[in-house]
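Reproduced below: upload-v3.csv, with CSV, C-alpha atoms and all ligand atoms.
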```csv
chain,number,residue,atom,x,y,z
Y,291,MET,CA,12.7,38.2,-19.4
Y,292,ILE,CA,13.2,34.5,-19.8
Y,293,ARG,CA,13.1,33.4,-23.4
Y,294,THR,CA,12.0,29.8,-23.6
Y,295,GLY,CA,11.1,27.2,-26.2
Y,296,VAL,CA,8.8,24.2,-26.5
Y,297,ILE,CA,9.9,21.2,-28.6
Y,298,GLY,CA,7.2,18.8,-29.4
Y,299,VAL,CA,3.7,20.1,-29.0
Y,300,GLY,CA,1.6,16.9,-29.1
Y,301,LEU,CA,-0.4,15.8,-26.1
Y,302,MET,CA,2.1,16.8,-23.4
Y,303,GLY,CA,3.8,19.7,-25.1
Y,304,SER,CA,0.4,21.4,-25.6
Y,305,ASP,CA,-0.1,21.3,-21.8
Y,306,HIS,CA,3.4,22.7,-21.3
Y,307,ASN,CA,2.6,25.5,-23.8
Y,308,THR,CA,-0.7,26.3,-22.1
Y,309,ALA,CA,0.8,26.3,-18.6
Y,310,LEU,CA,3.6,28.6,-19.8
Y,311,LYS,CA,0.9,31.1,-21.1
Y,312,LYS,CA,-0.8,31.1,-17.7
Y,313,LEU,CA,2.5,31.4,-15.9
Y,314,SER,CA,3.5,34.4,-18.1
Y,315,GLU,CA,0.7,36.3,-16.3
Y,316,LYS,CA,2.9,36.4,-13.2
Y,317,LYS,CA,6.4,35.8,-14.4
Y,318,ASP,CA,8.4,37.5,-17.2
Y,319,ILE,CA,8.5,34.5,-19.5
Y,320,GLN,CA,8.0,34.3,-23.2
Y,321,VAL,CA,7.8,31.3,-25.5
Y,322,ALA,CA,10.1,32.5,-28.3
Y,323,ALA,CA,10.4,29.3,-30.3
Y,324,ILE,CA,8.3,26.2,-30.9
Y,325,ALA,CA,9.1,23.0,-32.9
Y,326,ASP,CA,6.9,20.2,-34.1
Y,327,CYS,CA,7.2,18.2,-37.3
Y,328,ARG,CA,3.4,18.2,-37.7
Y,329,ASP,CA,2.4,21.5,-39.2
Y,330,GLY,CA,-1.1,21.5,-37.6
Y,331,MET,CA,0.2,21.0,-34.1
Y,332,LEU,CA,2.8,23.7,-34.7
Y,333,LYS,CA,0.2,26.3,-35.9
Y,334,LYS,CA,-2.2,25.4,-33.0
Y,335,ALA,CA,0.6,25.9,-30.4
Y,336,ALA,CA,1.6,29.2,-32.1
Y,337,GLU,CA,-1.9,30.6,-31.5
Y,338,LEU,CA,-0.8,31.3,-27.9
Y,339,TRP,CA,2.5,32.9,-29.0
Y,340,PRO,CA,2.0,34.6,-32.4
Y,341,GLU,CA,5.5,36.0,-32.3
Y,342,ALA,CA,7.3,32.7,-31.7
Y,343,ALA,CA,9.7,31.4,-34.3
Y,344,LEU,CA,8.4,28.1,-35.7
Y,345,TYR,CA,10.5,25.1,-36.7
Y,346,PRO,CA,9.5,21.7,-38.3
Y,347,ASP,CA,12.4,19.9,-36.6
Y,348,ALA,CA,13.7,19.8,-33.0
Y,349,MET,CA,17.4,19.9,-33.9
Y,350,GLU,CA,16.9,22.8,-36.3
Y,351,LEU,CA,15.4,24.9,-33.5
Y,352,ILE,CA,18.3,24.0,-31.2
Y,353,GLN,CA,20.8,24.8,-33.9
Y,354,LYS,CA,19.4,28.2,-34.8
Y,355,GLU,CA,17.9,29.6,-31.7
Y,356,ASP,CA,19.3,31.6,-28.8
Y,357,LEU,CA,17.2,30.7,-25.6
Y,358,ASP,CA,17.5,30.6,-21.9
Y,359,ALA,CA,15.5,27.5,-21.4
Y,360,VAL,CA,13.6,24.8,-23.3
Y,361,HIS,CA,10.9,22.2,-22.7
Y,362,ILE,CA,11.5,18.9,-24.4
Y,363,CYS,CA,8.2,17.1,-24.9
Y,364,LEU,CA,9.2,14.9,-27.8
Y,365,PRO,CA,8.5,11.1,-28.0
Y,366,SER,CA,10.8,9.5,-25.5
Y,367,TYR,CA,13.3,8.0,-28.0
Y,368,LEU,CA,14.2,11.5,-29.0
Y,369,HIS,CA,14.7,12.9,-25.5
Y,370,ALA,CA,18.4,12.2,-24.9
Y,371,LYS,CA,19.8,13.6,-28.2
Y,372,ALA,CA,17.7,16.8,-28.0
Y,373,ALA,CA,18.3,17.4,-24.3
Y,374,ALA,CA,22.1,16.9,-24.7
Y,375,ALA,CA,22.2,19.3,-27.7
Y,376,ALA,CA,20.2,21.9,-25.7
Y,377,MET,CA,22.5,21.6,-22.8
Y,378,GLU,CA,25.5,22.1,-25.2
Y,379,LYS,CA,23.9,25.4,-26.2
Y,380,GLY,CA,23.9,26.4,-22.5
Y,381,TRP,CA,20.1,26.3,-22.1
Y,382,ASN,CA,18.3,25.1,-19.0
Y,383,VAL,CA,16.2,22.1,-19.8
Y,384,LEU,CA,12.8,20.8,-18.6
Y,385,LEU,CA,12.8,17.3,-19.9
Y,386,GLU,CA,9.6,15.2,-20.0
Y,387,LYS,CA,9.7,11.8,-18.3
Y,388,PRO,CA,11.2,9.3,-18.9
Y,389,ALA,CA,14.5,11.2,-19.0
Y,390,CYS,CA,15.8,8.6,-21.5
Y,391,LEU,CA,15.5,4.9,-22.4
Y,392,SER,CA,18.9,3.3,-21.9
Y,393,GLU,CA,22.0,3.2,-19.7
Y,394,GLU,CA,24.1,4.8,-22.5
Y,395,GLU,CA,21.6,7.7,-22.7
Y,396,CYS,CA,21.7,8.0,-18.9
Y,397,ALA,CA,25.5,8.4,-19.1
Y,398,LEU,CA,25.3,10.9,-21.9
Y,399,LEU,CA,22.8,13.1,-20.1
Y,400,LEU,CA,24.7,13.1,-16.8
Y,401,GLU,CA,28.0,13.8,-18.4
Y,402,THR,CA,26.7,16.6,-20.5
Y,403,LYS,CA,25.0,18.3,-17.6
Y,404,LYS,CA,28.1,18.0,-15.4
Y,405,ARG,CA,30.2,19.6,-18.1
Y,406,THR,CA,27.9,22.3,-19.2
Y,407,GLY,CA,26.7,23.3,-15.7
Y,408,VAL,CA,23.1,24.1,-16.9
Y,409,LYS,CA,20.0,23.3,-14.8
Y,410,VAL,CA,18.0,20.3,-15.8
Y,411,MET,CA,14.7,19.0,-14.4
Y,412,VAL,CA,12.8,15.9,-15.3
Y,413,GLY,CA,9.0,16.0,-15.5
Y,414,GLN,CA,8.4,13.4,-12.8
Y,415,VAL,CA,5.1,15.2,-12.1
Y,416,LEU,CA,3.8,13.1,-9.2
Y,417,ARG,CA,6.4,14.9,-7.1
Y,418,PHE,CA,4.2,18.0,-7.6
Y,419,PHE,CA,0.7,16.6,-7.3
Y,420,PRO,CA,-0.9,17.8,-4.1
Y,421,GLU,CA,-2.2,14.3,-3.1
Y,422,TYR,CA,1.2,12.7,-3.4
Y,423,SER,CA,2.8,15.7,-1.7
Y,424,PHE,CA,0.4,15.2,1.2
Y,425,LEU,CA,1.4,11.6,1.5
Y,426,LYS,CA,5.1,12.5,1.3
Y,427,GLU,CA,4.7,15.0,4.1
Y,428,ALA,CA,2.7,12.5,6.2
Y,429,PHE,CA,5.5,10.0,5.8
Y,430,ASP,CA,8.3,12.5,6.5
Y,431,THR,CA,6.7,14.0,9.6
Y,432,GLY,CA,5.4,10.7,10.9
Y,433,LYS,CA,2.1,12.3,11.9
Y,434,TYR,CA,0.2,9.0,11.4
Y,435,GLY,CA,2.9,6.8,12.8
Y,436,ALA,CA,5.1,4.5,10.8
Y,437,LEU,CA,4.2,3.5,7.3
Y,438,LYS,CA,3.4,-0.2,7.1
Y,439,GLY,CA,2.4,-0.6,3.5
Y,440,ILE,CA,1.6,1.2,0.3
Y,441,VAL,CA,-0.1,0.0,-2.9
Y,442,LEU,CA,-0.1,2.3,-6.0
Y,443,GLN,CA,-2.0,1.7,-9.3
Y,444,ARG,CA,-2.1,3.5,-12.7
Y,445,LEU,CA,-4.4,2.2,-15.5
Y,446,SER,CA,-4.6,3.7,-19.0
Y,447,GLN,CA,-6.5,2.7,-22.1
Y,448,ASN,CA,-4.4,1.4,-25.0
Y,449,VAL,CA,-2.4,4.4,-26.0
Y,450,LEU,CA,-3.4,5.3,-29.6
Y,451,TRP,CA,-2.7,9.1,-29.9
Y,452,GLY,CA,1.1,9.1,-30.3
Y,453,PHE,CA,3.0,10.5,-33.3
Y,454,GLU,CA,3.5,7.6,-35.8
Y,455,ASP,CA,2.2,5.3,-33.1
Y,456,TRP,CA,5.6,5.5,-31.2
Y,457,PHE,CA,4.1,4.2,-27.9
Y,458,HIS,CA,3.6,0.7,-29.5
Y,459,ASP,CA,7.3,0.3,-30.3
Y,460,GLU,CA,9.1,-0.8,-27.1
Y,461,LYS,CA,12.4,0.6,-28.4
Y,462,LYS,CA,10.8,4.0,-28.7
Y,463,SER,CA,8.6,4.2,-25.6
Y,464,GLY,CA,10.1,1.5,-23.3
Y,465,SER,CA,6.5,0.1,-23.0
Y,466,VAL,CA,4.1,0.7,-20.2
Y,467,VAL,CA,7.0,0.3,-17.8
Y,468,LEU,CA,9.1,3.3,-18.9
Y,469,ASP,CA,6.1,5.3,-20.0
Y,470,LEU,CA,3.4,5.0,-17.4
Y,471,HIS,CA,4.5,2.8,-14.5
Y,472,ILE,CA,7.6,5.0,-14.2
Y,473,HIS,CA,5.4,7.6,-12.4
Y,474,ASP,CA,4.7,5.3,-9.5
Y,475,ALA,CA,8.2,3.8,-9.5
Y,476,ASP,CA,9.6,7.3,-9.2
Y,477,PHE,CA,7.2,8.2,-6.4
Y,478,VAL,CA,8.2,5.1,-4.5
Y,479,ARG,CA,11.9,6.2,-4.8
Y,480,PHE,CA,11.0,9.8,-3.8
Y,481,LEU,CA,9.2,8.5,-0.7
Y,482,LEU,CA,11.4,5.6,0.4
Y,483,GLY,CA,14.7,5.8,-1.5
Y,484,GLU,CA,16.2,2.9,-3.4
Y,485,PRO,CA,14.6,-0.5,-2.8
Y,486,GLU,CA,16.7,-3.4,-1.6
Y,487,GLY,CA,15.2,-5.7,-4.3
Y,488,ILE,CA,12.3,-6.0,-6.8
Y,489,HIS,CA,9.9,-8.8,-7.7
Y,490,VAL,CA,8.2,-8.4,-11.0
Y,491,SER,CA,5.3,-10.1,-12.9
Y,492,ALA,CA,3.9,-8.9,-16.2
Y,493,THR,CA,1.7,-9.5,-19.2
Y,494,ALA,CA,2.3,-8.5,-22.8
Y,495,TYR,CA,0.4,-7.6,-26.0
Y,496,GLU,CA,0.4,-10.3,-28.7
Y,497,ASP,CA,3.6,-8.8,-30.2
Y,498,GLY,CA,5.5,-9.3,-26.9
Y,499,MET,CA,5.5,-5.7,-25.7
Y,500,ILE,CA,4.8,-5.4,-22.0
Y,501,ASN,CA,1.4,-3.9,-21.3
Y,502,GLN,CA,1.0,-4.7,-17.6
Y,503,ILE,CA,3.5,-4.7,-14.8
Y,504,LEU,CA,3.1,-5.5,-11.1
Y,505,THR,CA,6.2,-4.8,-9.0
Y,506,GLN,CA,6.8,-5.5,-5.4
Y,507,TYR,CA,9.7,-3.4,-3.9
Y,508,ASP,CA,11.7,-4.6,-0.9
Y,509,TYR,CA,11.9,-2.1,1.9
Y,510,PRO,CA,12.5,-3.2,5.5
Y,511,GLY,CA,9.2,-3.3,7.4
Y,512,ILE,CA,7.1,-1.8,4.6
Y,513,LEU,CA,5.0,-3.7,2.0
Y,514,VAL,CA,5.2,-1.8,-1.3
Y,515,SER,CA,3.7,-2.6,-4.6
Y,516,ALA,CA,2.8,-0.7,-7.8
Y,517,GLU,CA,0.9,-1.8,-10.9
Y,518,GLY,CA,0.9,-0.1,-14.3
Y,519,VAL,CA,-1.5,-1.1,-17.1
Y,520,TRP,CA,-1.9,-0.2,-20.7
Y,521,ASP,CA,-5.2,-2.0,-21.2
Y,522,ILE,CA,-6.0,-3.8,-24.4
Y,523,THR,CA,-9.2,-1.7,-24.8
Y,524,GLU,CA,-9.5,1.7,-26.3
Y,525,LYS,CA,-11.9,3.6,-24.0
Y,526,ILE,CA,-11.4,2.3,-20.4
Y,527,PRO,CA,-11.2,5.5,-18.3
Y,528,PHE,CA,-7.8,6.5,-17.0
Y,529,SER,CA,-7.4,6.0,-13.3
Y,530,ALA,CA,-4.6,6.5,-10.8
Y,531,SER,CA,-4.8,5.6,-7.1
Y,532,PHE,CA,-2.9,4.7,-3.9
Y,533,ARG,CA,-3.6,3.3,-0.5
Y,534,ALA,CA,-1.0,4.0,2.2
Y,535,TYR,CA,-1.5,2.2,5.5
Y,536,PHE,CA,0.2,3.9,8.5
Y,537,GLU,CA,0.0,2.8,12.1
Y,538,GLU,CA,-2.6,5.4,13.0
Y,539,ALA,CA,-4.5,6.0,9.7
Y,540,THR,CA,-4.9,4.9,6.1
Y,541,VAL,CA,-4.6,7.5,3.4
Y,542,THR,CA,-6.4,6.8,0.1
Y,543,PHE,CA,-6.2,8.6,-3.2
Y,544,SER,CA,-8.4,8.0,-6.2
Y,545,GLY,CA,-8.1,10.4,-9.1
Y,546,ARG,CA,-11.7,9.5,-10.2
Y,547,GLU,CA,-13.4,10.5,-6.9
Y,548,THR,CA,-14.2,13.8,-5.3
Y,549,PRO,CA,-12.7,14.4,-2.9
Y,550,SER,CA,-9.8,12.5,-4.3
Y,551,LEU,CA,-7.9,12.2,-1.0
Y,552,ARG,CA,-9.2,10.8,2.3
Y,553,VAL,CA,-7.6,10.0,5.7
Y,554,TRP,CA,-9.3,7.1,7.5
Y,555,LYS,CA,-8.3,7.4,11.1
Y,556,LYS,CA,-8.0,4.5,13.5
Y,557,ASP,CA,-10.5,6.2,15.8
Y,558,GLY,CA,-13.2,5.9,13.1
Y,559,THR,CA,-13.1,9.5,11.9
Y,560,VAL,CA,-12.5,10.4,8.2
Y,561,GLU,CA,-10.8,13.5,7.1
Y,562,GLU,CA,-10.8,15.2,3.7
Y,563,PRO,CA,-7.7,17.4,3.7
Y,564,GLN,CA,-7.8,20.7,1.8
Y,565,LEU,CA,-5.2,20.6,-0.9
Y,566,ALA,CA,-3.3,23.4,-2.6
Y,567,LYS,CA,-4.8,24.1,-6.0
Y,568,ALA,CA,-2.9,25.2,-9.1
Y,569,PRO,CA,-4.8,27.7,-11.4
Y,570,ILE,CA,-4.8,25.2,-14.3
Y,571,LEU,CA,-3.4,21.7,-15.0
Y,572,GLY,CA,-2.8,20.7,-11.4
Y,573,GLY,CA,0.7,19.2,-10.8
Y,574,TYR,CA,1.8,20.0,-14.4
Y,575,TYR,CA,1.4,23.7,-13.8
Y,576,THR,CA,3.1,23.4,-10.3
Y,577,GLU,CA,6.1,21.6,-11.7
Y,578,ILE,CA,6.6,24.2,-14.5
Y,579,GLU,CA,6.3,27.0,-12.0
Y,580,TYR,CA,8.8,25.3,-9.7
Y,581,PHE,CA,11.3,25.0,-12.6
Y,582,TYR,CA,11.1,28.8,-13.3
Y,583,ASP,CA,11.3,29.6,-9.6
Y,584,CYS,CA,14.5,27.7,-9.5
Y,585,LEU,CA,15.9,29.5,-12.6
Y,586,GLU,CA,15.0,32.9,-11.1
Y,587,LYS,CA,16.7,32.0,-7.8
Y,588,GLY,CA,19.7,30.4,-9.5
Y,589,VAL,CA,19.2,27.1,-7.6
Y,590,GLU,CA,19.1,23.5,-8.8
Y,591,PRO,CA,15.6,22.0,-9.3
Y,592,GLU,CA,16.3,19.4,-6.6
Y,593,ARG,CA,12.8,18.2,-6.2
Y,594,ALA,CA,12.9,16.5,-9.6
Y,595,SER,CA,16.6,16.8,-10.7
Y,596,LEU,CA,18.1,15.1,-13.7
Y,597,GLU,CA,20.1,12.8,-11.3
Y,598,GLU,CA,16.9,11.7,-9.7
Y,599,GLY,CA,15.1,11.2,-13.0
Y,600,ILE,CA,18.1,9.1,-14.2
Y,601,ARG,CA,18.0,6.9,-11.1
Y,602,THR,CA,14.3,6.2,-11.7
Y,603,VAL,CA,15.0,5.3,-15.3
Y,604,GLN,CA,17.7,2.9,-14.1
Y,605,LEU,CA,15.2,1.3,-11.7
Y,606,VAL,CA,12.5,0.8,-14.3
Y,607,LEU,CA,15.0,-0.5,-16.8
Y,608,ARG,CA,15.7,-3.3,-14.3
Y,609,GLU,CA,11.9,-3.8,-13.9
Y,610,LEU,CA,11.5,-4.1,-17.7
Y,611,ARG,CA,14.3,-6.7,-17.9
Y,612,GLU,CA,12.6,-8.6,-15.1
Y,613,ALA,CA,9.2,-8.4,-16.8
Y,614,HIS,CA,10.6,-10.0,-19.9
Y,615,ARG,CA,12.4,-12.7,-17.8
Y,616,PHE,CA,9.1,-13.4,-16.1
Y,617,LEU,CA,7.3,-13.9,-19.4
Y,618,ASP,CA,10.1,-16.0,-20.8
Y,619,ARG,CA,9.9,-18.3,-17.7
Y,620,LYS,CA,6.1,-18.4,-18.0
Y,621,SER,CA,6.1,-19.4,-21.7
Y,622,TRP,CA,8.7,-22.2,-21.0
Y,623,ALA,CA,6.6,-23.5,-18.1
Y,624,ALA,CA,3.5,-23.5,-20.4
Y,625,LYS,CA,5.4,-25.4,-23.1
Y,626,GLU,CA,6.7,-27.9,-20.6
Y,627,SER,CA,3.3,-28.5,-19.1
Y,628,SER,CA,1.7,-29.0,-22.5
Y,629,MET,CA,4.4,-31.5,-23.3
Y,630,SER,CA,3.9,-33.4,-20.1
Y,631,ARG,CA,0.1,-33.4,-20.7
Y,632,ARG,CA,0.8,-35.0,-24.1
Y,633,VAL,CA,3.0,-37.7,-22.5
Y,634,VAL,CA,0.3,-38.5,-19.9
Y,635,LYS,CA,-2.3,-38.9,-22.6
Y,701,LIG,N1,4.2,13.7,-17.4
Y,701,LIG,C1,3.2,13.0,-17.9
Y,701,LIG,O1,2.2,12.7,-17.2
Y,701,LIG,C2,3.2,12.7,-19.4
Y,701,LIG,C3,2.0,12.4,-20.0
Y,701,LIG,C4,2.0,12.1,-21.4
Y,701,LIG,C5,3.2,12.1,-22.0
Y,701,LIG,N2,4.4,12.4,-21.4
Y,701,LIG,C6,5.7,12.3,-22.0
Y,701,LIG,O2,5.8,13.4,-22.9
Y,701,LIG,C7,6.5,13.0,-24.1
Y,701,LIG,C8,5.6,13.2,-25.3
Y,701,LIG,O3,4.4,12.4,-25.2
Y,701,LIG,P1,3.0,12.8,-26.0
Y,701,LIG,O4,2.0,12.0,-25.4
Y,701,LIG,O5,2.9,14.3,-26.0
Y,701,LIG,O6,3.4,12.3,-27.5
Y,701,LIG,P2,2.8,12.9,-28.8
Y,701,LIG,O7,3.1,11.9,-29.9
Y,701,LIG,O8,1.4,13.3,-28.6
Y,701,LIG,O9,3.7,14.2,-29.1
Y,701,LIG,C9,5.0,14.2,-29.5
Y,701,LIG,C10,5.1,15.4,-30.5
Y,701,LIG,O10,6.5,15.4,-31.0
Y,701,LIG,C11,6.4,15.8,-32.4
Y,701,LIG,N3,7.7,15.3,-33.0
Y,701,LIG,C12,8.1,14.1,-33.3
Y,701,LIG,N4,9.4,14.1,-33.8
Y,701,LIG,C13,9.7,15.4,-33.9
Y,701,LIG,C14,10.9,16.0,-34.3
Y,701,LIG,N5,12.0,15.4,-34.8
Y,701,LIG,N6,11.0,17.4,-34.3
Y,701,LIG,C15,9.9,18.1,-33.8
Y,701,LIG,N7,8.8,17.5,-33.4
Y,701,LIG,C16,8.7,16.2,-33.4
Y,701,LIG,C17,5.2,15.0,-32.9
Y,701,LIG,O11,4.7,15.6,-34.1
Y,701,LIG,C18,4.2,15.2,-31.8
Y,701,LIG,O12,3.4,16.3,-31.9
Y,701,LIG,C19,6.8,11.5,-23.9
Y,701,LIG,O13,8.1,11.4,-23.5
Y,701,LIG,C20,5.9,11.0,-22.9
Y,701,LIG,O14,6.4,10.0,-22.1
Y,701,LIG,C21,4.4,12.7,-20.1
```
Write out the structure in this file as structure tokens.
Ligand SMILES: NC(=O)c1ccc[n+]([C@@H]2O[C@H](COP(=O)([O-])OP(=O)(O)OC[C@H]3O[C@@H](n4cnc5c(N)ncnc54)[C@H](O)[C@@H]3O)[C@@H](O)[C@H]2O)c1
Amino acid sequence: MIRTGVIGVGLMGSDHNTALKKLSEKKDIQVAAIADCRDGMLKKAAELWPEAALYPDAMELIQKEDLDAVHICLPSYLHAKAAAAAMEKGWNVLLEKPACLSEEECALLLETKKRTGVKVMVGQVLRFFPEYSFLKEAFDTGKYGALKGIVLQRLSQNVLWGFEDWFHDEKKSGSVVLDLHIHDADFVRFLLGEPEGIHVSATAYEDGMINQILTQYDYPGILVSAEGVWDITEKIPFSASFRAYFEEATVTFSGRETPSLRVWKKDGTVEEPQLAKAPILGGYYTEIEYFYDCLEKGVEPERASLEEGIRTVQLVLRELREAHRFLDRKSWAAKESSMSRRVVK
């Protein structure tokens, strides 16, 4: 029996909790402890696990419990402290993305994992979505020839559901860059490795927090770009997509279409590949199942390891700095042009 815990049962933690219930039908797993500082969320999560011990605070659970594993689904600014404390207890950790929000936190997590020897996986879930896995396999096998270009996009409504509105504080969420765009940045790294350079443009909400980023990544011979948007509106439907252009075919994915994935061959034919289907929650279920498969086999969760999650955080931290530089340059240019207009008048 694997005794596990879920810390933070808001939007994402509830999905982890539900996936664990489903997974417990085929694996010997039990959620033995749950923490959330909102009583309503805690009680709702406990409906699936009536025997679980309940805690109003993440650190209290970590201090008092004795578990084999834990899922950390707290707001991102609380990830590093909770994950490091869980590792110190000798627990294996499934940490939601972004692994953390700063270089200091990256160092803390890497050092603690190395010293404690536990297994840590980061919830970079695109690595487990069937459409993205299809693309990765097509690239790795070369079955459509060489990849010439890839464009990825992720668009969300303005994020309003977070606990104490933590998404709208860049220090707590890292903005759209570390929260949403990180998915595509991570997939780009998963597919192609580290880029040789990045070129970033961005827009911001009125308070200066980045809400749209467009990054071009330098890879020899391949045109690569990704856009992440937290729209200013409340209800625009969420959408995620990619278009990957190979020598012999173009592969398109649109999460809002059925079928979501198509292969447009150079000979004019169009294929709709059959994709593996998780019983619930798509890639979220698959990543959680993978984590427990790794624990059972005693192997590292290499597909989405802590080290990989950290390298992706380091890449998007660079992108965030570039996004602010881009906006600073733009506002200087706007000031200068309005001054020169005044002079001309
Ligand atoms: N993989 C994905 O696709 C995906 C999607 C959404 C969110 N996420 C990530 O999941 C994490 C959580 O996001 P969310 O959307 O669920 O946020 P949320 O605000 O809905 O949930 C966070 C929960 O943590 C609780 N909490 C806050 N402080 C606490 C504390 N000290 N102790 C115990 N509980 C505490 C809150 O009450 C809340 O229920 C974030 O890191 C986010 O980036 C990942």
Using all atoms listed in the file, the best pick from Y:Glu524, Y:Glu460, Y:Asp329, Y:Glu386 as closest to ligand LIG 701 (chain Y) would be Y:Glu386
Could you pull the residues within 7 Å of stretch 513-516 of chain Y, counting only C-alpha atoms, minus those fewer than 5 positions along the same chain, as a list of chain:residue names?
-> Y:Lys438, Y:Gly439, Y:Ile440, Y:Val441, Y:Leu442, Y:Gln443, Y:Asp474, Y:Leu504, Y:Thr505, Y:Gln506, Y:Tyr507
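Distance annotation: of Y:Gly300, Y:Pro549, Y:Gly573, Y:Gly558, the residue with the minimal separation from ligand LIG 701 (chain Y) is Y:Gly300; atom set is only C-alpha atoms and all ligand atoms.
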Could you pull the residues within 10 Å of stretch 475-492 of chain Y, counting all atoms listed in the file, minus those fewer than 5 positions along the same chain, as a ChimeraX atom specification?
-> /Y:414-417,422-423,425-427,429-430,440-442,467-468,470,500-510,512,514-519,593-594,598-599,601-603,605-606,608-617,620
Which protein, DNA or RNA residues are at most 12 Å from (12.8, 12.8, -28.4) in the file's coordinates when you count only C-alpha atoms, listed as a CSV table (one decimal) with C-alpha atoms, keeping the file's coordinate frame?
```csv
chain,number,residue,atom,x,y,z
Y,297,ILE,CA,9.9,21.2,-28.6
Y,298,GLY,CA,7.2,18.8,-29.4
Y,299,VAL,CA,3.7,20.1,-29.0
Y,300,GLY,CA,1.6,16.9,-29.1
Y,303,GLY,CA,3.8,19.7,-25.1
Y,325,ALA,CA,9.1,23.0,-32.9
Y,326,ASP,CA,6.9,20.2,-34.1
Y,327,CYS,CA,7.2,18.2,-37.3
Y,347,ASP,CA,12.4,19.9,-36.6
Y,348,ALA,CA,13.7,19.8,-33.0
Y,349,MET,CA,17.4,19.9,-33.9
Y,361,HIS,CA,10.9,22.2,-22.7
Y,362,ILE,CA,11.5,18.9,-24.4
Y,363,CYS,CA,8.2,17.1,-24.9
Y,364,LEU,CA,9.2,14.9,-27.8
Y,365,PRO,CA,8.5,11.1,-28.0
Y,366,SER,CA,10.8,9.5,-25.5
Y,367,TYR,CA,13.3,8.0,-28.0
Y,368,LEU,CA,14.2,11.5,-29.0
Y,369,HIS,CA,14.7,12.9,-25.5
Y,370,ALA,CA,18.4,12.2,-24.9
Y,371,LYS,CA,19.8,13.6,-28.2
Y,372,ALA,CA,17.7,16.8,-28.0
Y,373,ALA,CA,18.3,17.4,-24.3
Y,374,ALA,CA,22.1,16.9,-24.7
Y,375,ALA,CA,22.2,19.3,-27.7
Y,385,LEU,CA,12.8,17.3,-19.9
Y,386,GLU,CA,9.6,15.2,-20.0
Y,387,LYS,CA,9.7,11.8,-18.3
Y,388,PRO,CA,11.2,9.3,-18.9
Y,389,ALA,CA,14.5,11.2,-19.0
Y,390,CYS,CA,15.8,8.6,-21.5
Y,391,LEU,CA,15.5,4.9,-22.4
Y,395,GLU,CA,21.6,7.7,-22.7
Y,453,PHE,CA,3.0,10.5,-33.3
Y,456,TRP,CA,5.6,5.5,-31.2
Y,462,LYS,CA,10.8,4.0,-28.7
Y,463,SER,CA,8.6,4.2,-25.6
```
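Here the question is which of Y:Gln320, Y:Thr493, Y:Thr540, Y:Ser446 gets nearest to ligand LIG 701 (chain Y) using only C-alpha atoms and all ligand atoms, and that residue is Y:Ser446.
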Distance in Å - atom CA of Y:Pro346 versus atom CA of Y:Gly452 = 17.1 Å
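Of the listed residues (Y:Val412, Y:Pro420, Y:Ala335, Y:Gly572), Y:Ala335 comes nearest to Y:Leu301; the distances count all atoms listed in the file.
With atom CA of Y:Ala322 on one side and atom C3 of ligand LIG 701 (chain Y) on the other, the separation reads 23.2 Å.
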Please rebuild stretch 432-442 of chain Y with N, CA and C atoms and return the result as a compact mmCIF listing (two decimals), in the frame of the given file.
```
# COMPACT_ATOMS: atom_id res chain seq x y z
N GLY Y 432 5.87 11.78 10.03
CA GLY Y 432 5.40 10.70 10.90
C GLY Y 432 4.14 10.95 11.62
N LYS Y 433 3.30 11.86 11.08
CA LYS Y 433 2.10 12.30 11.90
C LYS Y 433 1.08 11.19 12.03
N TYR Y 434 1.10 10.16 11.21
CA TYR Y 434 0.20 9.00 11.40
C TYR Y 434 0.94 7.77 11.87
N GLY Y 435 2.12 7.97 12.42
CA GLY Y 435 2.90 6.80 12.80
C GLY Y 435 3.71 6.25 11.66
N ALA Y 436 4.27 5.08 11.88
CA ALA Y 436 5.10 4.50 10.80
C ALA Y 436 4.29 3.98 9.67
N LEU Y 437 4.87 4.03 8.48
CA LEU Y 437 4.20 3.50 7.30
C LEU Y 437 4.40 1.97 7.28
N LYS Y 438 3.28 1.23 7.11
CA LYS Y 438 3.40 -0.20 7.10
C LYS Y 438 3.27 -0.79 5.69
N GLY Y 439 2.51 -0.09 4.82
CA GLY Y 439 2.40 -0.60 3.50
C GLY Y 439 1.81 0.43 2.52
N ILE Y 440 2.13 0.29 1.25
CA ILE Y 440 1.60 1.20 0.30
C ILE Y 440 1.36 0.46 -1.07
N VAL Y 441 0.18 0.65 -1.66
CA VAL Y 441 -0.10 0.00 -2.90
C VAL Y 441 -0.48 1.18 -3.90
N LEU Y 442 0.16 1.20 -5.06
CA LEU Y 442 -0.10 2.30 -6.00
C LEU Y 442 -0.58 1.62 -7.35
```
